[in-house]
$ cat structure_16.cif   # mmCIF, C-alpha atoms
data_model
#
loop_
_atom_site.label_atom_id
_atom_site.label_comp_id
_atom_site.auth_asym_id
_atom_site.auth_seq_id
_atom_site.Cartn_x
_atom_site.Cartn_y
_atom_site.Cartn_z
CA MET K 1 29.64 -49.70 42.30
CA SER K 2 32.32 -52.38 41.81
CA HIS K 3 31.96 -51.93 38.08
CA THR K 4 32.76 -48.23 38.36
CA ALA K 5 35.79 -48.83 40.55
CA ILE K 6 37.24 -51.30 38.03
CA SER K 7 36.67 -49.20 34.88
CA ARG K 8 38.22 -45.98 36.17
CA PRO K 9 41.82 -47.31 36.54
CA ARG K 10 41.61 -48.83 33.06
CA THR K 11 40.78 -45.42 31.63
CA VAL K 12 43.72 -43.78 33.40
CA VAL K 13 46.12 -46.47 32.25
CA SER K 14 44.93 -46.16 28.66
CA CYS K 15 45.45 -42.38 28.65
CA THR K 16 48.89 -42.77 30.21
CA LEU K 17 49.92 -45.23 27.54
CA LEU K 18 48.64 -42.86 24.86
CA VAL K 19 50.64 -39.94 26.27
CA ILE K 20 53.77 -42.08 26.48
CA ALA K 21 53.27 -43.13 22.89
CA LEU K 22 52.84 -39.53 21.75
CA CYS K 23 55.91 -38.42 23.68
CA ALA K 24 57.89 -41.22 22.14
CA GLY K 25 56.76 -40.07 18.73
CA VAL K 26 57.82 -36.49 19.45
CA THR K 27 61.19 -37.65 20.74
CA ALA K 28 61.69 -39.70 17.64
CA CYS K 29 60.87 -36.71 15.43
CA GLY K 30 63.22 -34.48 17.42
CA SER K 31 66.15 -36.83 17.30
CA ASP K 32 66.61 -36.84 13.55
CA GLY K 33 69.89 -34.97 13.82
CA ASN K 34 68.54 -31.71 12.40
CA PRO K 35 70.22 -28.91 14.40
CA LEU K 36 67.35 -26.51 13.66
CA SER K 37 64.99 -28.71 15.67
CA HIS K 38 66.74 -27.77 18.91
CA ARG K 39 66.22 -24.65 21.02
CA PRO K 40 68.81 -21.90 20.41
CA TYR K 41 71.95 -22.47 22.43
CA ASP K 42 73.69 -19.85 24.59
CA ALA K 43 76.15 -18.11 22.29
CA ALA K 44 78.05 -16.32 25.07
CA ASP K 45 81.28 -18.20 24.35
CA GLN K 46 81.10 -17.46 20.63
CA ILE K 47 80.89 -13.66 20.72
CA SER K 48 82.57 -10.71 22.38
CA PHE K 49 81.66 -7.04 22.48
CA ASN K 50 83.52 -3.92 23.48
CA ALA K 51 81.27 -2.73 26.32
CA PRO K 52 81.38 -3.75 29.98
CA SER K 53 78.41 -5.97 30.88
CA GLU K 54 79.06 -6.44 34.58
CA GLY K 55 79.82 -4.26 37.57
CA ARG K 56 79.62 -0.49 37.78
CA LYS K 57 81.93 0.28 34.90
CA LYS K 58 80.19 2.11 32.06
CA ALA K 59 80.82 2.21 28.34
CA ASP K 60 82.24 5.27 26.63
CA PRO K 61 79.35 6.77 24.61
CA ASP K 62 81.83 8.35 22.21
CA LYS K 63 82.99 4.95 20.96
CA PRO K 64 81.01 2.78 18.54
CA LEU K 65 79.58 -0.53 19.75
CA GLU K 66 81.21 -3.65 18.28
CA VAL K 67 80.19 -7.32 18.41
CA VAL K 68 82.67 -9.94 17.13
CA ALA K 69 82.26 -13.65 16.39
CA GLU K 70 85.07 -15.43 18.29
CA ASP K 71 84.35 -18.90 16.87
CA SER K 72 85.91 -19.23 13.43
CA ASP K 73 83.35 -21.88 12.51
CA GLY K 74 80.36 -19.75 13.48
CA ARG K 75 78.97 -16.41 12.44
CA ILE K 76 76.70 -13.59 13.58
CA THR K 77 73.37 -13.52 11.75
CA ASP K 78 71.64 -10.55 13.37
CA VAL K 79 72.17 -7.83 16.00
CA THR K 80 69.49 -5.57 17.48
CA ALA K 81 70.55 -2.83 19.89
CA TYR K 82 68.27 -0.32 21.60
CA ASP K 83 68.14 1.81 24.73
CA ALA K 84 65.58 2.09 27.51
CA ALA K 85 63.83 4.92 25.66
CA GLY K 86 63.22 2.61 22.69
CA ARG K 87 65.80 4.25 20.41
CA TYR K 88 67.40 1.71 18.08
CA VAL K 89 71.06 1.81 17.14
CA ALA K 90 71.81 1.51 13.43
CA GLY K 91 74.58 -0.92 12.57
CA GLU K 92 76.41 -2.80 9.86
CA LEU K 93 77.08 -6.55 9.71
CA ALA K 94 80.10 -7.84 7.79
CA ALA K 95 79.31 -10.07 4.82
CA ASP K 96 81.00 -13.07 6.47
CA GLY K 97 79.11 -12.53 9.74
CA GLY K 98 82.35 -12.04 11.65
CA ARG K 99 81.70 -8.52 12.95
CA TRP K 100 78.89 -6.06 13.59
CA HIS K 101 79.47 -2.41 14.49
CA SER K 102 77.17 0.51 15.20
CA THR K 103 76.88 3.26 12.60
CA SER K 104 74.77 5.68 14.63
CA PRO K 105 75.99 7.30 17.85
CA LEU K 106 75.21 6.01 21.33
CA ALA K 107 73.49 8.19 23.91
CA ALA K 108 75.24 9.25 27.11
CA ASN K 109 73.82 8.10 30.46
CA ALA K 110 71.66 5.45 28.80
CA SER K 111 70.94 1.74 29.36
CA TYR K 112 71.25 -0.51 26.32
CA THR K 113 70.08 -4.02 25.43
CA VAL K 114 71.83 -5.91 22.64
CA ARG K 115 70.27 -9.07 21.18
CA VAL K 116 72.71 -11.17 19.16
CA SER K 117 71.77 -14.12 16.93
CA THR K 118 74.41 -16.57 15.70
CA GLU K 119 74.72 -19.94 14.02
CA ASN K 120 77.43 -22.57 14.33
CA GLU K 121 79.07 -24.67 11.63
CA ASP K 122 76.08 -27.04 11.62
CA GLY K 123 73.61 -24.20 11.18
CA ALA K 124 72.20 -24.44 14.70
CA PRO K 125 70.96 -21.07 16.02
CA GLY K 126 72.48 -19.36 19.02
CA ARG K 127 71.21 -16.46 21.09
CA LYS K 128 72.72 -14.02 23.56
CA VAL K 129 71.28 -10.93 25.24
CA LEU K 130 73.79 -8.36 26.46
CA THR K 131 73.15 -5.26 28.55
CA PHE K 132 75.33 -2.28 29.40
CA ASP K 133 75.16 1.35 30.48
CA THR K 134 76.90 4.32 28.95
CA GLY K 135 78.61 6.94 31.08
CA LYS K 136 78.74 10.68 31.04
CA THR K 137 80.19 12.64 28.17
CA THR K 138 82.91 15.25 28.10
CA SER K 139 80.87 17.32 25.64
CA LYS K 140 80.03 20.73 27.05
CA LYS K 141 77.56 22.02 24.44
CA ARG K 142 73.95 20.83 24.48
CA LEU K 143 71.74 21.10 21.43
CA ASP K 144 68.21 21.78 22.63
CA VAL K 145 65.27 21.81 20.23
CA THR K 146 62.10 23.89 20.38
CA PHE K 147 59.24 22.78 18.14
CA GLY K 148 56.58 25.05 16.70
CA PRO K 149 53.85 26.10 16.42
CA LYS K 150 52.21 25.89 19.84
CA ALA K 151 49.88 22.97 20.45
CA GLY K 152 46.44 23.60 18.94
CA THR K 153 44.36 23.24 15.78
CA TYR K 154 45.64 24.68 12.50
CA GLY K 155 44.96 24.74 8.80
CA VAL K 156 46.38 22.08 6.48
CA GLY K 157 49.19 24.38 5.32
CA GLN K 158 50.88 24.82 8.72
CA PRO K 159 54.57 23.83 8.61
CA ILE K 160 56.30 22.30 11.64
CA THR K 161 59.36 24.26 12.81
CA ALA K 162 62.40 23.20 14.84
CA GLU K 163 64.57 25.90 16.43
CA LEU K 164 68.05 24.73 17.53
CA SER K 165 69.96 26.23 20.43
CA GLN K 166 73.30 25.80 18.61
CA PRO K 167 74.21 26.17 14.93
CA VAL K 168 74.79 22.94 12.97
CA LYS K 169 76.68 23.42 9.71
CA ASP K 170 78.32 20.06 8.97
CA ARG K 171 76.18 17.87 6.70
CA SER K 172 76.89 14.64 8.59
CA GLN K 173 75.97 16.33 11.88
CA ARG K 174 72.80 17.68 10.30
CA ALA K 175 71.93 14.12 9.31
CA VAL K 176 72.26 13.01 12.95
CA VAL K 177 69.95 15.82 14.07
CA GLU K 178 67.42 15.31 11.33
CA ARG K 179 67.26 11.54 11.83
CA ALA K 180 66.32 12.10 15.47
CA LEU K 181 63.51 14.61 14.80
CA LYS K 182 60.42 12.47 14.32
CA VAL K 183 57.15 13.60 12.73
CA SER K 184 54.15 11.31 12.32
CA SER K 185 50.58 11.95 11.30
CA MET K 186 47.30 10.10 11.36
CA PRO K 187 46.23 9.70 8.57
CA ALA K 188 49.80 9.01 7.44
CA THR K 189 51.52 11.18 4.86
CA ASP K 190 55.11 11.46 3.65
CA GLY K 191 57.10 14.58 4.44
CA ALA K 192 60.64 15.88 4.94
CA TRP K 193 62.65 18.39 6.93
CA HIS K 194 64.28 21.33 5.16
CA TRP K 195 67.19 23.28 6.66
CA VAL K 196 66.26 26.95 6.47
CA ASP K 197 69.58 27.94 8.05
CA ASP K 198 72.09 26.54 10.56
CA LYS K 199 69.64 26.81 13.47
CA LYS K 200 66.20 26.34 11.93
CA LEU K 201 64.37 23.53 10.14
CA HIS K 202 60.89 23.38 8.63
CA TYR K 203 58.89 20.19 8.02
CA ARG K 204 56.04 19.80 5.54
CA PRO K 205 54.41 16.97 3.59
CA LYS K 206 54.57 16.61 -0.17
CA GLU K 207 51.00 17.89 -0.36
CA TYR K 208 49.06 19.72 2.33
CA TRP K 209 48.34 17.87 5.57
CA PRO K 210 45.19 15.75 5.50
CA ALA K 211 42.13 17.45 6.97
CA GLN K 212 41.19 16.39 10.51
CA ALA K 213 44.64 14.89 11.09
CA THR K 214 46.73 14.53 14.25
CA VAL K 215 50.41 15.42 13.87
CA GLN K 216 52.92 14.38 16.53
CA VAL K 217 56.49 15.69 16.76
CA ARG K 218 59.25 14.49 19.09
CA SER K 219 63.04 14.43 19.39
CA ASN K 220 65.24 11.40 20.07
CA LEU K 221 68.36 13.58 20.33
CA GLU K 222 68.85 13.65 24.09
CA GLY K 223 72.32 12.36 24.96
CA ILE K 224 73.18 11.55 21.33
CA LYS K 225 76.58 12.65 20.03
CA ILE K 226 76.25 15.25 17.27
CA GLY K 227 79.82 16.52 17.08
CA ASP K 228 83.09 16.19 19.00
CA ARG K 229 81.99 18.79 21.52
CA MET K 230 78.19 18.67 21.28
CA ARG K 231 75.40 16.29 22.28
CA GLY K 232 71.66 16.43 22.01
CA GLY K 233 69.64 18.06 24.77
CA LYS K 234 66.01 18.08 25.74
CA ALA K 235 63.00 18.87 23.57
CA LYS K 236 59.35 19.07 24.56
CA PRO K 237 57.18 16.95 22.24
CA LEU K 238 54.42 18.62 20.26
CA THR K 239 50.97 17.54 19.07
CA ILE K 240 48.83 19.62 16.71
CA ASN K 241 45.60 18.88 14.88
CA THR K 242 44.41 20.05 11.49
CA ALA K 243 40.92 21.34 10.76
CA ASP K 244 39.03 21.34 7.46
CA LYS K 245 41.00 22.05 4.30
CA VAL K 246 40.43 25.77 3.64
CA ILE K 247 42.13 27.46 0.68
CA ALA K 248 41.46 31.02 -0.48
CA VAL K 249 42.58 31.73 -4.05
CA THR K 250 42.80 35.36 -5.16
CA ASP K 251 42.94 36.07 -8.89
CA ALA K 252 44.48 39.54 -8.94
CA ALA K 253 43.68 40.03 -12.63
CA ALA K 254 40.01 39.08 -12.17
CA HIS K 255 39.79 40.91 -8.81
CA GLN K 256 38.05 37.91 -7.26
CA MET K 257 38.77 35.63 -4.28
CA THR K 258 37.36 32.09 -4.31
CA VAL K 259 37.25 30.28 -0.96
CA TYR K 260 37.30 26.48 -0.99
CA LYS K 261 36.42 24.25 1.96
CA ASN K 262 37.37 20.60 1.52
CA ASP K 263 37.73 21.29 -2.23
CA GLU K 264 34.23 22.77 -2.63
CA ILE K 265 33.56 26.45 -3.34
CA VAL K 266 31.88 28.08 -0.35
CA ARG K 267 32.17 31.79 -1.24
CA GLN K 268 33.33 34.13 -4.01
CA ILE K 269 34.38 37.60 -2.92
CA PRO K 270 35.11 40.74 -4.99
CA VAL K 271 38.51 42.10 -3.92
CA THR K 272 41.15 44.67 -4.72
CA THR K 273 44.86 43.89 -4.55
CA GLY K 274 48.07 45.88 -4.92
CA MET K 275 48.23 48.74 -7.41
CA PRO K 276 51.20 49.05 -9.80
CA GLY K 277 54.34 49.61 -7.77
CA TYR K 278 52.77 47.88 -4.75
CA ASP K 279 51.75 44.65 -6.49
CA THR K 280 50.59 41.84 -4.22
CA ARG K 281 52.96 38.88 -4.11
CA ASN K 282 52.01 35.82 -6.12
CA GLY K 283 52.17 32.33 -4.70
CA VAL K 284 51.09 30.39 -1.65
CA LYS K 285 51.06 32.04 1.76
CA VAL K 286 50.08 30.51 5.08
CA VAL K 287 47.90 32.49 7.49
CA LEU K 288 50.21 33.67 10.29
CA ALA K 289 47.69 35.28 12.63
CA LYS K 290 44.20 36.72 12.97
CA GLU K 291 44.96 40.17 14.37
CA GLY K 292 41.53 41.78 14.27
CA THR K 293 41.81 45.57 14.42
CA VAL K 294 45.18 46.91 13.27
CA ARG K 295 46.55 50.40 12.69
CA MET K 296 48.21 50.54 9.27
CA THR K 297 50.40 53.44 8.16
CA SER K 298 52.45 54.22 5.07
CA ALA K 299 55.57 54.22 7.25
CA SER K 300 55.39 50.42 7.55
CA ILE K 301 55.99 49.90 3.80
CA GLY K 302 57.70 53.17 2.87
CA ALA K 303 54.83 54.37 0.67
CA SER K 304 55.27 57.84 -0.83
CA ASP K 305 51.57 58.69 -0.42
CA PHE K 306 50.66 59.05 3.24
CA TYR K 307 47.94 57.02 4.92
CA ASP K 308 47.11 56.17 8.53
CA LEU K 309 44.13 53.83 8.90
CA ILE K 310 42.42 51.72 11.54
CA VAL K 311 41.66 48.44 9.75
CA HIS K 312 39.24 45.76 10.95
CA HIS K 313 39.05 41.96 10.44
CA SER K 314 42.78 41.82 9.63
CA VAL K 315 44.36 38.46 8.76
CA ARG K 316 48.17 38.55 8.46
CA VAL K 317 49.86 36.46 5.73
CA THR K 318 53.42 37.90 5.69
CA ASN K 319 55.80 39.30 8.26
CA SER K 320 56.30 42.41 6.13
CA GLY K 321 52.70 43.53 6.57
CA GLU K 322 50.55 41.90 3.90
CA TYR K 323 46.98 41.28 5.16
CA VAL K 324 43.57 40.26 3.99
CA HIS K 325 41.25 42.82 5.60
CA ALA K 326 38.17 44.99 5.43
CA ALA K 327 38.59 47.99 3.11
CA PRO K 328 35.28 49.89 3.05
CA TRP K 329 36.98 52.90 1.41
CA SER K 330 37.67 50.89 -1.79
CA VAL K 331 34.34 49.04 -2.23
CA GLY K 332 33.80 50.85 -5.56
CA SER K 333 37.01 49.31 -6.93
CA GLN K 334 36.57 45.81 -5.49
CA GLY K 335 35.91 43.39 -8.31
CA TYR K 336 37.10 45.96 -10.89
CA ALA K 337 40.53 47.42 -10.11
CA ASN K 338 43.61 47.00 -7.93
CA VAL K 339 44.09 50.08 -5.75
CA SER K 340 45.68 48.84 -2.49
CA HIS K 341 49.26 49.09 -1.24
CA GLY K 342 49.72 45.29 -1.46
CA CYS K 343 47.01 43.94 0.83
CA THR K 344 43.86 42.17 -0.33
CA GLY K 345 40.88 44.36 0.52
CA MET K 346 37.17 43.50 0.58
CA SER K 347 33.92 44.84 1.98
CA THR K 348 33.38 44.84 5.74
CA GLU K 349 30.70 42.15 5.41
CA ASN K 350 32.92 39.86 3.37
CA ALA K 351 35.92 40.55 5.60
CA ALA K 352 33.89 39.63 8.69
CA TRP K 353 32.88 36.34 7.05
CA PHE K 354 36.45 35.63 5.96
CA TYR K 355 37.80 36.39 9.45
CA GLU K 356 35.25 34.05 11.01
CA ASN K 357 35.98 31.17 8.61
CA ILE K 358 39.78 31.32 8.36
CA ARG K 359 42.33 30.09 10.87
CA GLU K 360 46.08 30.11 11.38
CA GLY K 361 47.69 27.62 9.02
CA ASP K 362 45.07 27.98 6.26
CA ILE K 363 46.20 28.72 2.72
CA VAL K 364 45.90 32.09 0.93
CA LYS K 365 47.08 31.82 -2.67
CA VAL K 366 47.48 34.73 -5.11
CA ILE K 367 47.62 34.22 -8.88
CA ASN K 368 47.91 36.52 -11.90
CA SER K 369 49.48 39.43 -10.04
CA ALA K 370 52.30 41.51 -11.48
CA GLY K 371 54.16 41.10 -8.19
CA ASP K 372 57.05 38.79 -7.37
CA THR K 373 56.46 35.29 -5.98
CA MET K 374 56.36 34.88 -2.23
CA THR K 375 59.79 33.80 -0.98
CA PRO K 376 59.95 30.37 0.71
CA PHE K 377 61.48 31.69 3.93
CA GLY K 378 62.09 34.93 5.78
CA ASN K 379 58.73 36.65 5.26
CA GLY K 380 56.35 34.17 6.82
CA PHE K 381 55.61 30.67 5.58
CA GLY K 382 56.21 30.49 1.84
CA ASP K 383 57.27 26.86 2.14
CA TRP K 384 54.70 25.60 -0.37
CA ASN K 385 56.21 27.69 -3.16
CA LEU K 386 59.02 25.16 -3.46
CA GLU K 387 58.31 22.13 -5.63
CA TRP K 388 58.63 18.86 -3.72
CA LYS K 389 61.86 17.97 -5.53
CA GLN K 390 63.37 21.30 -4.47
CA TRP K 391 62.11 20.86 -0.92
CA ARG K 392 63.85 17.50 -0.57
CA THR K 393 67.19 19.02 -1.57
CA GLY K 394 67.10 20.97 1.71
CA SER K 395 67.19 17.75 3.73
CA ALA K 396 70.45 16.20 4.91
CA LEU K 397 68.82 12.77 4.52
CA THR K 398 66.76 12.87 1.32
CA ALA K 399 68.82 15.23 -0.90
CA GLY K 400 70.00 13.32 -3.95
CA THR K 401 68.00 10.19 -3.09
CA PRO K 402 65.09 8.82 -5.16
CA GLU K 403 61.63 9.42 -3.78
CA GLY K 404 60.03 6.30 -2.29
CA PRO K 405 56.38 5.21 -2.44
CA THR K 406 53.81 7.28 -0.55
CA PRO K 407 51.68 5.80 2.25
CA ALA K 408 48.81 5.52 -0.27
CA ASP K 409 51.10 3.67 -2.71
CA ARG K 410 52.23 1.29 0.05
CA ALA K 411 48.63 0.60 0.99
CA ARG K 412 47.80 -0.29 -2.62
CA LEU K 413 50.83 -2.60 -2.82
CA ARG K 414 50.03 -4.37 0.46
CA PRO K 415 48.69 -7.91 -0.11
CA GLN K 416 44.96 -8.17 0.50
CA SER K 417 43.63 -10.97 2.67
CA ALA K 418 41.42 -13.51 0.92
#
$ encode --input "structure_16.cif" --output "structure tokens"
Amino acid sequence: MSHTAISRPRTVVSCTLLVIALCAGVTACGSDGNPLSHRPYDAADQISFNAPSEGRKKADPDKPLEVVAEDSDGRITDVTAYDAAGRYVAGELAADGGRWHSTSPLAANASYTVRVSTENEDGAPGRKVLTFDTGKTTSKKRLDVTFGPKAGTYGVGQPITAELSQPVKDRSQRAVVERALKVSSMPATDGAWHWVDDKKLHYRPKEYWPAQATVQVRSNLEGIKIGDRMRGGKAKPLTINTADKVIAVTDAAAHQMTVYKNDEIVRQIPVTTGMPGYDTRNGVKVVLAKEGTVRMTSASIGASDFYDLIVHHSVRVTNSGEYVHAAPWSVGSQGYANVSHGCTGMSTENAAWFYENIREGDIVKVINSAGDTMTPFGNGFGDWNLEWKQWRTGSALTAGTPEGPTPADRARLRPQSA
């Protein structure tokens, strides 16, 4: 036992000496005079900013945030500012690092954190975290946003809509609004907002939404200054899902509809479309509703020849009354001639199948008709009739800017691990 008692202290002493030696080595490495080897110093004395950081006084949300380097031998290297909701403030740093100022508006009644990085004349890094609250605003108008459609599952052609409670005409104010309206999808796809008018925006991707996708929409506008007398209000977030990719293509000249599901043909249907003078519109239309049994009369389109019919399996594709529906009275012409007043008619059996397999947001495309092309807006969703380049011109953010890489392009460019 005496042997054990003697050996144990020797072991402890040996380890202690080893630790001391290692610490001495670390100290020696850290004392080489390199300022970057030290922990960042407190840069509070080297910077100032124009918002109260103590007490109950609150910053004016109508004024931009500014951070200034007070030490002439030092400079600001980075500033990150964000509020409690996770909204980041865009800003601009002077080339000499002497001043940073916000370029996007602050929100009213919000709590902000500002992280400032600096370096002194020796290149040593400094850090300072600032916090402040913004006060109320004198703005009386609130810009509320209502997203559409309702939560649910839709076809891959369904646009996202944003209805504004106040008109926004100024381009710079539109940019503030648009920047705060966030749309994301999984799988990811690039898209853009398009201003339909002063109070309405539509959002769509470059191509159709991916099948089986989840699309989330939210607004970061609340409390944000839009104009001198208007700030952002509330908006309820929206989540929709997409189903399979279903596209029905009607060749009016061939009197045939071909239905594709996930790019494979699942059914070909003899149809009749609009007769001369009532030609069916060409172009891409998005299914607006499945209305089932509908009473259709000549009064709805101003037709000179009178009709008053009860129509079954009716699928609406325009606000003006264009449907895909059962037309048992024209079965003899289906596949051979166009005899309708603008709708696409088919047998009751085929119409029942179509009604069962189509959903709101699916695509109905008409080609080779003598009719005009479906308008982009005002008669339903004709959004896809605009080429992507034209669509982007309706955005206050992307108009006139070059198109960036798509999510697929970025994935291909991403370095692969070995």
$ closest_residue --input "structure_16.cif" --among "K:Arg75, K:Arg142, K:Lys169, K:His341" --to "Gly233 of chain K" --atoms "all atoms listed in the file"
K:Arg142
$ atom_distance --input "structure_16.cif" --atom1 "atom CA of Thr242 of chain K" --atom2 "atom CA of Tyr260 of chain K"
15.7 Å
$ closest_residue --input "structure_16.cif" --among "K:Thr239, K:Asn109, K:Thr318, K:Gln334" --to "Ile160 of chain K" --atoms "all atoms listed in the file"
K:Thr239
$ resolve_selection --input "structure_16.cif" --expression "the PyMOL selection byres ((chain K and resi 320-329) around 6)" --output "PyMOL selection string"
chain K and resi 312-319+330-331+343-348+351
$ atom_distance --input "structure_16.cif" --atom1 "atom CA of Ser104 of chain K" --atom2 "atom CA of Glu92 of chain K"
9.9 Å
$ resolve_selection --input "structure_16.cif" --expression "the PyMOL selection byres ((chain K and resi 78) around 7)" --output "list of chain:residue names"
K:Ile76, K:Thr77, K:Val79, K:Thr80, K:Val116, K:Ser117
$ write_last_selection --input "structure_16.cif" --atoms "C-alpha atoms" --output "PDB file, keeping the file's coordinate frame"
ATOM      1  CA  ILE K  76      76.700 -13.590  13.580  1.00  0.00           C
ATOM      2  CA  THR K  77      73.370 -13.520  11.750  1.00  0.00           C
ATOM      3  CA  VAL K  79      72.170  -7.830  16.000  1.00  0.00           C
ATOM      4  CA  THR K  80      69.490  -5.570  17.480  1.00  0.00           C
ATOM      5  CA  VAL K 116      72.710 -11.170  19.160  1.00  0.00           C
ATOM      6  CA  SER K 117      71.770 -14.120  16.930  1.00  0.00           C
TER       7      SER K 117
END
$ atom_distance --input "structure_16.cif" --atom1 "atom CA of Lys200 of chain K" --atom2 "atom CA of Thr161 of chain K"
7.2 Å
$ axis_aligned_box --input "structure_16.cif" --around "segment 355-366 of chain K" --padding-each-side "8 Å" --output "AutoDock Vina command-line options"
--center_x 41.5 --center_y 32.0 --center_z 3.1 --size_x 28.4 --size_y 24.8 --size_z 32.5
$ closest_residue --input "structure_16.cif" --among "K:Val259, K:Met230, K:Val177, K:Val246" --to "Val145 of chain K" --atoms "all atoms listed in the file"
K:Val177
$ closest_residue --input "structure_16.cif" --among "K:Asp372, K:Asp42, K:Glu119, K:Glu349" --to "Asp279 of chain K" --atoms "only C-alpha atoms"
K:Asp372
$ resolve_selection --input "structure_16.cif" --expression "the PyMOL selection byres ((chain K and resi 101) around 7)" --output "list in words"
Pro64, Leu65, Glu66, Val67, Gly91, Glu92, Leu93, Arg99, Trp100, Ser102 and Thr103 of chain K
$ closest_residue --input "structure_16.cif" --among "K:Val287, K:Ile247, K:Val183, K:Ala192" --to "Gln268 of chain K" --atoms "all atoms listed in the file"
K:Ile247
$ closest_residue --input "structure_16.cif" --among "K:Gly98, K:Gly394, K:Pro402, K:Gly283" --to "Gly382 of chain K" --atoms "all atoms listed in the file"
K:Gly283
$ residues_around --input "structure_16.cif" --residues "Gln158 of chain K" --least-positions-apart "4" --cutoff "12 Å" --atoms "all atoms listed in the file" --output "PyMOL selection string"
chain K and resi 148-154+202-205+207-211+213+215+240-243+245-246+284-289+359-364+380-384
$ residues_near_point --input "structure_16.cif" --point "(37.8, 34.8, -3.3)" --cutoff "8 Å" --atoms "all atoms listed in the file" --output "NGL selection string"
:K and (248-251 or 256-259 or 267-271)
$ write_last_selection --input "structure_16.cif" --atoms "C-alpha atoms" --output "PDB file, in the frame of the given file"
ATOM      1  CA  ALA K 248      41.460  31.020  -0.480  1.00  0.00           C
ATOM      2  CA  VAL K 249      42.580  31.730  -4.050  1.00  0.00           C
ATOM      3  CA  THR K 250      42.800  35.360  -5.160  1.00  0.00           C
ATOM      4  CA  ASP K 251      42.940  36.070  -8.890  1.00  0.00           C
ATOM      5  CA  GLN K 256      38.050  37.910  -7.260  1.00  0.00           C
ATOM      6  CA  MET K 257      38.770  35.630  -4.280  1.00  0.00           C
ATOM      7  CA  THR K 258      37.360  32.090  -4.310  1.00  0.00           C
ATOM      8  CA  VAL K 259      37.250  30.280  -0.960  1.00  0.00           C
ATOM      9  CA  ARG K 267      32.170  31.790  -1.240  1.00  0.00           C
ATOM     10  CA  GLN K 268      33.330  34.130  -4.010  1.00  0.00           C
ATOM     11  CA  ILE K 269      34.380  37.600  -2.920  1.00  0.00           C
ATOM     12  CA  PRO K 270      35.110  40.740  -4.990  1.00  0.00           C
ATOM     13  CA  VAL K 271      38.510  42.100  -3.920  1.00  0.00           C
TER      14      VAL K 271
END
$ residues_around --input "structure_16.cif" --residues "Thr280 of chain K" --least-positions-apart "2" --cutoff "9 Å" --atoms "all atoms listed in the file" --output "list in words"
Ala252, Thr273, Gly274, Met275, Tyr278, Asn282, Glu322, Ser340, His341, Gly342, Cys343, Thr344, Val366, Ser369, Ala370, Gly371, Asp372 and Thr373 of chain K
